[in-house]
Amino acid sequence: MTNDEHTTIRIGPTVVAALAILAASLIVLGVGWLARRHANLSVFNGAEKIEVHESSFHIDLAETTVKAGKVGFNVHNDASIAHEFVIFKTDLAADLLPLGKDGDVVEDAPQLSDVADTGSAIDPGATRALVANLKPGHYAVVCNLSGHYSLGMHLSLTVTAP
């Protein structure tokens with residue numbers, strides 16, 4: 001081959017389209033990662049972060065004793081059904097909350113102060129974050145979807161002085 005000869009490489013429209021899709025996918029993934037990272041920082045900024053895992057009729061808190069102040073709960077629904085996450089300040093044991101005839105916790109009972117909740121059911125595989133300003137005392141954490149409390153979705157949380 002002489003210096004005057006050139007090799008031409010032809011890229012077909014299929015390769016160009018594939019490269020464009022790959023580039024767009026990488027951009028979307030990068031933006032999504034940044035958005036998730038920013039959302040977690042803004043939600044939990046300045047809060048003690050507690051990981052929560054809900055499974056079929058069980059709630060697992062990474063810690064059941066926390067210091068008073070701003071506490072963030074990162075709630076993962078690891079189950080194949082929906083769950084919720086509700087925190088009540090109460091002097092009652094988590095397994096002795098007032099129940100209605102349907103067996104669910106009476107959320108407006110005078111012995112309970114609603115502190116924080118996920119607002120709606122968390123879909124299977126989803127994660128929801130919430131932050132609560134907790135004062136020293138005893139709290140009950142429950143899933144109050146129909147029948148879930150009576151199947152064991154409750155536990156105690158203790159908040160100590162800062």
# chains A, B, ... in the order shown; residues from 1 in each chain; ligands from 1

$ closest_atom_pairs --of "stretch 47-73 of chain A" --to "stretch 114-131 of chain A" --cutoff "10 Å" --atoms "only C-alpha atoms" --output "JSON lines"
{"residue": "A:Ala47", "atom": "CA", "partner": "A:Val131", "partner_atom": "CA", "distance": 7.6}
{"residue": "A:Glu48", "atom": "CA", "partner": "A:Val131", "partner_atom": "CA", "distance": 9.2}
{"residue": "A:Lys49", "atom": "CA", "partner": "A:Val131", "partner_atom": "CA", "distance": 8.7}
{"residue": "A:Ile50", "atom": "CA", "partner": "A:Val131", "partner_atom": "CA", "distance": 9.9}
{"residue": "A:Glu51", "atom": "CA", "partner": "A:Ala129", "partner_atom": "CA", "distance": 9.5}
{"residue": "A:Val52", "atom": "CA", "partner": "A:Thr127", "partner_atom": "CA", "distance": 9.4}
{"residue": "A:His53", "atom": "CA", "partner": "A:Thr127", "partner_atom": "CA", "distance": 9.2}
{"residue": "A:Glu54", "atom": "CA", "partner": "A:Pro124", "partner_atom": "CA", "distance": 9.6}
{"residue": "A:Ser55", "atom": "CA", "partner": "A:Pro124", "partner_atom": "CA", "distance": 9.2}
{"residue": "A:Lys70", "atom": "CA", "partner": "A:Val131", "partner_atom": "CA", "distance": 6.7}
{"residue": "A:Val71", "atom": "CA", "partner": "A:Val131", "partner_atom": "CA", "distance": 5.6}
{"residue": "A:Gly72", "atom": "CA", "partner": "A:Val131", "partner_atom": "CA", "distance": 4.2}
{"residue": "A:Phe73", "atom": "CA", "partner": "A:Leu130", "partner_atom": "CA", "distance": 5.4}

$ write_last_selection --atoms "C-alpha atoms" --output "short mmCIF file (atom, residue, chain, number, x, y, z; two decimals), in the first residue's frame"
data_model
loop_
_atom_site.label_atom_id
_atom_site.label_comp_id
_atom_site.auth_asym_id
_atom_site.auth_seq_id
_atom_site.Cartn_x
_atom_site.Cartn_y
_atom_site.Cartn_z
CA ALA A 47 -30.08 12.65 60.01
CA GLU A 48 -28.97 9.38 61.54
CA LYS A 49 -29.81 6.87 58.80
CA ILE A 50 -31.41 3.54 59.78
CA GLU A 51 -31.84 0.75 57.24
CA VAL A 52 -35.20 -1.04 57.47
CA HIS A 53 -36.12 -4.28 55.73
CA GLU A 54 -39.69 -5.47 55.56
CA SER A 55 -40.37 -9.03 54.53
CA LYS A 70 -33.50 13.78 63.17
CA VAL A 71 -33.61 10.10 62.18
CA GLY A 72 -33.94 8.87 58.61
CA PHE A 73 -35.47 5.50 57.80
#

$ residues_around --residues "stretch 57-59 of chain A" --least-positions-apart "3" --cutoff "7 Å" --atoms "only C-alpha atoms" --output "mmCIF file with N, CA, C and O atoms, in the first residue's frame"
data_model
loop_
_atom_site.group_PDB
_atom_site.id
_atom_site.type_symbol
_atom_site.label_atom_id
_atom_site.label_comp_id
_atom_site.auth_asym_id
_atom_site.auth_seq_id
_atom_site.Cartn_x
_atom_site.Cartn_y
_atom_site.Cartn_z
ATOM 1 N N HIS A 53 -35.725 -3.269 56.716
ATOM 2 C CA HIS A 53 -36.115 -4.279 55.728
ATOM 3 C C HIS A 53 -37.427 -4.907 56.177
ATOM 4 O O HIS A 53 -37.526 -5.409 57.301
ATOM 5 N N GLU A 54 -38.411 -4.824 55.297
ATOM 6 C CA GLU A 54 -39.691 -5.469 55.558
ATOM 7 C C GLU A 54 -39.784 -6.696 54.657
ATOM 8 O O GLU A 54 -39.472 -6.630 53.476
ATOM 9 N N HIS A 148 -51.640 -7.365 58.715
ATOM 10 C CA HIS A 148 -50.194 -7.467 58.848
ATOM 11 C C HIS A 148 -49.720 -7.326 60.294
ATOM 12 O O HIS A 148 -48.809 -8.040 60.725
ATOM 13 N N LEU A 151 -50.124 -10.442 62.231
ATOM 14 C CA LEU A 151 -49.229 -11.495 61.764
ATOM 15 C C LEU A 151 -47.777 -11.245 62.177
ATOM 16 O O LEU A 151 -46.885 -11.974 61.764
ATOM 17 N N GLY A 152 -47.564 -10.212 62.998
ATOM 18 C CA GLY A 152 -46.240 -9.994 63.570
ATOM 19 C C GLY A 152 -45.454 -8.811 63.068
ATOM 20 O O GLY A 152 -44.285 -8.646 63.436
ATOM 21 N N MET A 153 -46.059 -7.951 62.247
ATOM 22 C CA MET A 153 -45.310 -6.815 61.712
ATOM 23 C C MET A 153 -45.363 -5.634 62.672
ATOM 24 O O MET A 153 -46.031 -4.634 62.444
ATOM 25 N N HIS A 154 -44.617 -5.761 63.771
ATOM 26 C CA HIS A 154 -44.510 -4.695 64.768
ATOM 27 C C HIS A 154 -43.249 -4.914 65.585
ATOM 28 O O HIS A 154 -42.779 -6.037 65.727
#

$ closest_residue --among "A:Lys135, A:Ser156, A:Ser150, A:Arg10" --to "A:Gly103" --atoms "only C-alpha atoms"
A:Ser150

$ closest_residue --among "A:Val15, A:Ala132, A:Leu112, A:Ala24" --to "A:Ala93" --atoms "only C-alpha atoms"
A:Leu112

$ atom_distance --atom1 "atom CA of A:Gln111" --atom2 "atom CA of A:Phe88"
9.2 Å

$ atom_distance --atom1 "atom CA of A:Gly147" --atom2 "atom CA of A:Asp108"
17.6 Å
